[in-house]
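Written below as structure tokens is the structure these notes are about.
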2 protein chains.
Amino acid sequence: MAARTGRSPRRTESLSRERIVEAAVELLDSVGEGGLTFRALTERLATGPGAIYWHVANKGELLGAATEGVVAEAVAVKPGSADAPREEIRAVAFGLFDAIAEHPWLATQLSAQLSRSPLGMVTPRIFESIGRQVRALGVPEDGWFAATSALMHYILGAAGQHAANAAIGRDLGPGVDRGSYLDSVSTAWAQLDPDEYSFTRAVAGRLREHDDREQFLAGVDFILTGITSRGATATG
Amino acid sequence: MAARTGRSPRRTESLSRERIVEAAVELLDSVGEGGLTFRALTERLATGPGAIYWHVANKGELLGAATEGVVAEAVAVKPGSADAPREEIRAVAFGLFDAIAEHPWLATQLSAQLSRSPLGMVTPRIFESIGRQVRALGVPEDGWFAATSALMHYILGAAGQHAANAAIGRDLGPGVDRGSYLDSVSTAWAQLDPDEYSFTRAVAGRLREHDDREQFLAGVDFILTGITSRGATATG
DNA sequence: CCAATCTTGGAACGGCATTCCAGTCATGTC
DNA sequence: GACATGACTGGAATGCCGTTCCAAGATTGG
């Protein structure tokens, strides 16, 4: 049961859970989700696996810590901004959107994290920052849970999917830019079977010219409209 | 290349890509996402790895095929039902919701699949079945893409997250039922820091009594309300 | 200065996806 | 009816992964 001496245990500045998580995030960002291996981690930290396992139980916990760290930073309310609740919700949404765009591995990780432990700190943290604004929006109390859940699910789902798409466009190689990538998908959609895919063919052109952030925000606004038109008082 | 002789190449009924994918789905359903190994697959099919690799390029392709098969079945419009578009959208949403609930591995797989290849058939298939109903709803054409995207992102995101939660409640062991699981999470939420988590604490009780399907549908309805109140003609 | 305890990193283990390859078997040809 | 062909099979081997083990180094308390 780990008798706590209360002393500062670090003999040198060499290794700590913080440094390990930090290195893990860097590795995930630079090499991608599959690039985070204990081998790579030991090399980067110039140590052995045993040292890492002393600070971290296993790879899952490491991924969880990395996820929580990045999410906490992303949903932190920027001080000084006491805007209208709608704007605050947009800000939280974009905060997560940008965080996932910057760290594409977050998309997969968040869905894995949310499913493995709603008792973890990740879900409540996101839930709280959205919920506060829902409350401020004037939604009646018995609608809080449904409204906040819907917003959180949309934001996490849509941000993940948009960011994943963006990641593809980025990784296609130096010669291929986002425009020509969307072109090729758009063209592929336009060539689908006219009977089975009449709608998809019809909107294939939109794919080429759409803006991801705008698209994402439109979804948030749909939900906000839906929430506030259900009899809530209009604050925003 | 691959000169096609036009002959039926199967000498016995023993192995085929179809049978492999089928076995993979069964394995995923019964043992979970981590249970799909080539070892287990060779054992179940009474063969060796080489035989499987003859029909399937790698594990990723196998997962993709499994995903597409299940999704195709889930979003297939039930014939004979020419209901109002709102009802059709709810049906598609519940189709995916139930499919993910029945095959929990779909949640992770869908986000991975959507990101790896939007050129694949999975995205257009879902997009099409939702989009047709959006069109039928009377949404003006320049809103089709945004409305359908928002719905698809919400449905996939929320269904995945709800189903993941449901999967936990199921896997807790024989002694723990869903009710007591939600109780424990609800209690944990109620004990969070009052300053940092005032909202989450306030709705902790709702968690105990909420119905997942109802919750999920509420989100769909928020978006539908948002879509139709943007100046579209009201059909549903 | 010595024991006790925390911390480290190298070596080893079992399991995984994947590859290699020698073989089997239905079939088309003479 | 033999035989060459090519689709198909499955066992053995490879290399990387997460994880565990353990002997030694570092630090601290007495």
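Following the order of the structure tokens, chains are lettered A, B, ..., residues in each are numbered from 1, and ligands are numbered from 1.
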
request  = For chain B, list the residues within 8 Å of chain D, counting only C-alpha atoms (C1' of nucleotides), and write the list as an MDAnalysis selection string.
outcome  = chainID B and resid 9 47:51 54

Using the selection just defined, write its residues with C-alpha atoms as a tab-separated table (two decimals), in the first residue's frame.
```
chain	number	residue	atom	x	y	z
B	9	PRO	CA	-13.33	-21.55	-59.82
B	47	THR	CA	-7.35	-23.66	-42.32
B	48	GLY	CA	-4.09	-21.71	-42.30
B	49	PRO	CA	-3.24	-18.04	-42.62
B	50	GLY	CA	-2.13	-18.40	-46.23
B	51	ALA	CA	-5.59	-19.52	-47.31
B	54	TRP	CA	-5.40	-15.51	-50.64
```

key: Residue list for chain B near chain A as a PyMOL selection string, 7 Å, only C-alpha atoms   = chain B and resi 111+115+119+124+127-128+131-132+145-146+150+153-154+156-158+161+164-165+185+197+199-200+203+206+215+218-219+222-223+225-227

The selected residues should be written to file as a short mmCIF file (atom, residue, chain, number, x, y, z; two decimals), in the first residue's frame (atoms: N, CA and C atoms).
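again_3.cif, freshly written:
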```cif
data_model
loop_
_atom_site.label_atom_id
_atom_site.label_comp_id
_atom_site.auth_asym_id
_atom_site.auth_seq_id
_atom_site.Cartn_x
_atom_site.Cartn_y
_atom_site.Cartn_z
N SER B 111 -15.72 4.98 -37.47
CA SER B 111 -14.91 6.20 -37.49
C SER B 111 -13.57 5.93 -38.16
N SER B 115 -12.65 7.55 -42.01
CA SER B 115 -11.46 8.37 -42.17
C SER B 115 -10.52 7.80 -43.21
N LEU B 119 -13.94 7.24 -50.18
CA LEU B 119 -14.23 6.71 -51.50
C LEU B 119 -14.88 5.34 -51.39
N PRO B 124 -21.04 6.86 -48.77
CA PRO B 124 -22.11 7.20 -49.70
C PRO B 124 -23.42 6.47 -49.39
N PHE B 127 -24.96 8.26 -46.46
CA PHE B 127 -25.29 9.61 -46.92
C PHE B 127 -26.53 9.60 -47.81
N GLU B 128 -26.58 8.62 -48.69
CA GLU B 128 -27.70 8.56 -49.63
C GLU B 128 -29.03 8.31 -48.93
N GLY B 131 -29.95 11.44 -47.10
CA GLY B 131 -30.16 12.55 -48.03
C GLY B 131 -31.48 12.49 -48.77
N ARG B 132 -31.87 11.31 -49.18
CA ARG B 132 -33.14 11.17 -49.90
C ARG B 132 -34.30 11.71 -49.07
N PHE B 145 -26.77 19.57 -48.65
CA PHE B 145 -25.48 19.03 -48.22
C PHE B 145 -25.26 19.26 -46.72
N ALA B 146 -25.50 20.50 -46.28
CA ALA B 146 -25.27 20.82 -44.87
C ALA B 146 -26.20 20.01 -43.97
N ALA B 150 -24.92 17.12 -41.36
CA ALA B 150 -25.13 17.27 -39.92
C ALA B 150 -25.84 16.05 -39.36
N HIS B 153 -23.41 13.00 -39.34
CA HIS B 153 -22.40 13.11 -38.31
C HIS B 153 -22.99 12.88 -36.92
N TYR B 154 -24.17 13.44 -36.69
CA TYR B 154 -24.78 13.23 -35.38
C TYR B 154 -25.13 11.77 -35.18
N LEU B 156 -24.01 9.00 -36.58
CA LEU B 156 -22.86 8.11 -36.39
C LEU B 156 -22.17 8.37 -35.06
N GLY B 157 -21.99 9.64 -34.75
CA GLY B 157 -21.30 9.96 -33.50
C GLY B 157 -22.10 9.54 -32.28
N ALA B 158 -23.36 9.93 -32.24
CA ALA B 158 -24.17 9.65 -31.06
C ALA B 158 -24.46 8.16 -30.91
N GLN B 161 -21.43 6.48 -29.50
CA GLN B 161 -21.17 6.75 -28.10
C GLN B 161 -22.22 6.11 -27.19
N ALA B 164 -21.55 2.39 -27.16
CA ALA B 164 -20.36 2.08 -26.37
C ALA B 164 -20.70 2.05 -24.89
N ASN B 165 -21.48 3.03 -24.47
CA ASN B 165 -21.92 3.03 -23.08
C ASN B 165 -22.73 1.79 -22.75
N VAL B 185 -22.24 5.61 -11.87
CA VAL B 185 -21.76 6.77 -12.61
C VAL B 185 -22.45 8.03 -12.12
N TYR B 197 -17.68 21.68 -11.45
CA TYR B 197 -18.63 20.83 -12.14
C TYR B 197 -20.07 21.06 -11.69
N PHE B 199 -22.70 22.21 -13.23
CA PHE B 199 -23.74 21.74 -14.15
C PHE B 199 -23.85 20.22 -14.14
N THR B 200 -22.71 19.57 -14.28
CA THR B 200 -22.71 18.11 -14.31
C THR B 200 -23.35 17.53 -13.05
N VAL B 203 -27.23 17.68 -13.20
CA VAL B 203 -27.98 16.75 -14.05
C VAL B 203 -27.62 15.30 -13.78
N ARG B 206 -30.42 12.84 -13.75
CA ARG B 206 -31.03 12.49 -15.04
C ARG B 206 -30.40 11.25 -15.65
N GLN B 215 -33.19 9.45 -25.82
CA GLN B 215 -32.14 10.47 -25.81
C GLN B 215 -31.57 10.68 -27.22
N ALA B 218 -34.04 12.30 -29.50
CA ALA B 218 -34.21 13.72 -29.19
C ALA B 218 -33.20 14.55 -29.98
N GLY B 219 -31.97 14.04 -30.06
CA GLY B 219 -30.94 14.73 -30.82
C GLY B 219 -31.29 14.82 -32.30
N PHE B 222 -33.87 17.46 -32.67
CA PHE B 222 -33.30 18.81 -32.59
C PHE B 222 -32.81 19.24 -33.96
N ILE B 223 -32.05 18.37 -34.60
CA ILE B 223 -31.48 18.72 -35.90
C ILE B 223 -32.58 18.87 -36.95
N THR B 225 -35.60 19.79 -36.48
CA THR B 225 -36.25 21.08 -36.22
C THR B 225 -35.40 22.22 -36.76
N GLY B 226 -34.11 22.13 -36.47
CA GLY B 226 -33.20 23.17 -36.95
C GLY B 226 -33.19 23.26 -38.47
N ILE B 227 -33.21 22.12 -39.11
CA ILE B 227 -33.17 22.10 -40.57
C ILE B 227 -34.43 22.70 -41.18
#
```

Pairwise distance for atom CA of B:Asn58 and atom CA of A:Glu33, rounded to one decimal in Å = 18.4 Å

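Distances here use only C-alpha atoms (C1' of nucleotides); by that measure, the residue among B:Trp105, B:Tyr181, B:Phe38, B:Phe94 closest to chain C is B:Phe38.
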
Write out as CSV the residues of chain C that have any atom within 10 Å of an atom of chain A, one row each with the nearest atom pair and its distance in Å to one decimal, counting only C-alpha atoms (C1' of nucleotides), sorted by chain and then rising number.
```
residue,atom,partner,partner_atom,distance
C:DC6,C1',A:Pro9,CA,7.7
C:DT7,C1',A:Ala51,CA,7.1
C:DT8,C1',A:Ala51,CA,5.4
C:DG9,C1',A:Gly48,CA,4.2
C:DG10,C1',A:Gly48,CA,7.2
```

Please produce an output containing C-alpha atoms (C1' of nucleotides) for each residue in the selection, written as a PDB file, in the first residue's frame.
```pdb
ATOM      1  C1'  DC C   6      12.765   3.998  -4.941  1.00  0.00           C
ATOM      2  C1'  DT C   7      13.954   3.983  -9.760  1.00  0.00           C
ATOM      3  C1'  DT C   8      16.124   2.361 -13.899  1.00  0.00           C
ATOM      4  C1'  DG C   9      17.067  -0.148 -18.289  1.00  0.00           C
ATOM      5  C1'  DG C  10      18.416  -4.455 -20.535  1.00  0.00           C
TER       6       DG C  10
END
```

With only C-alpha atoms (C1' of nucleotides) as the counted atoms, please give the residues lying no more than 8 Å from B:Arg17, apart from itself and same-chain residues fewer than 3 positions off, as a JSON list (two decimals) with N, CA and C atoms, in the first residue's frame.
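Final output, out_1.json:
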```
[["chain", "number", "residue", "atom", "x", "y", "z"],
["B", 20, "ILE", "N", -15.22, -16.05, -45.11],
["B", 20, "ILE", "CA", -14.24, -15.46, -44.21],
["B", 20, "ILE", "C", -14.81, -14.24, -43.50],
["B", 21, "VAL", "N", -15.44, -13.36, -44.30],
["B", 21, "VAL", "CA", -16.03, -12.16, -43.70],
["B", 21, "VAL", "C", -17.12, -12.53, -42.70],
["B", 55, "HIS", "N", -7.62, -14.73, -50.10],
["B", 55, "HIS", "CA", -8.91, -14.10, -50.39],
["B", 55, "HIS", "C", -8.98, -12.66, -49.91],
["B", 56, "VAL", "N", -8.15, -12.31, -48.95],
["B", 56, "VAL", "CA", -8.25, -11.00, -48.29],
["B", 56, "VAL", "C", -6.85, -10.42, -48.19]]
```

request  = Could you give me, as a VMD selection string, the residues within 12 Å of A:Ser30, counting only C-alpha atoms (C1' of nucleotides) and dropping anything in the same chain fewer than 3 positions from it?
outcome  = chain A and resid 23 to 27 33 to 36 40 102 to 105 171

note = Here atom CA of A:Ala84 and atom CA of A:Val139 stand apart by 13.8 Å

request  = Enumerate the residues of chain B with a DSSP assignment of alpha helix (DSSP H), computed from the backbone, and present them as a PyMOL selection string.
outcome  = chain B and resi 17-31+38-45+49-55+59-75+85-102+105-116+122-136+144-171+178-190+198-209+212-228

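Picture a line from atom CA of B:Leu63 to atom CA of B:Val122; it runs 12.3 Å.
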
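Among the candidates A:Leu137, A:Ala101, A:Ala65, A:Leu96, the one nearest to A:Glu18 when counting only C-alpha atoms is A:Ala65.
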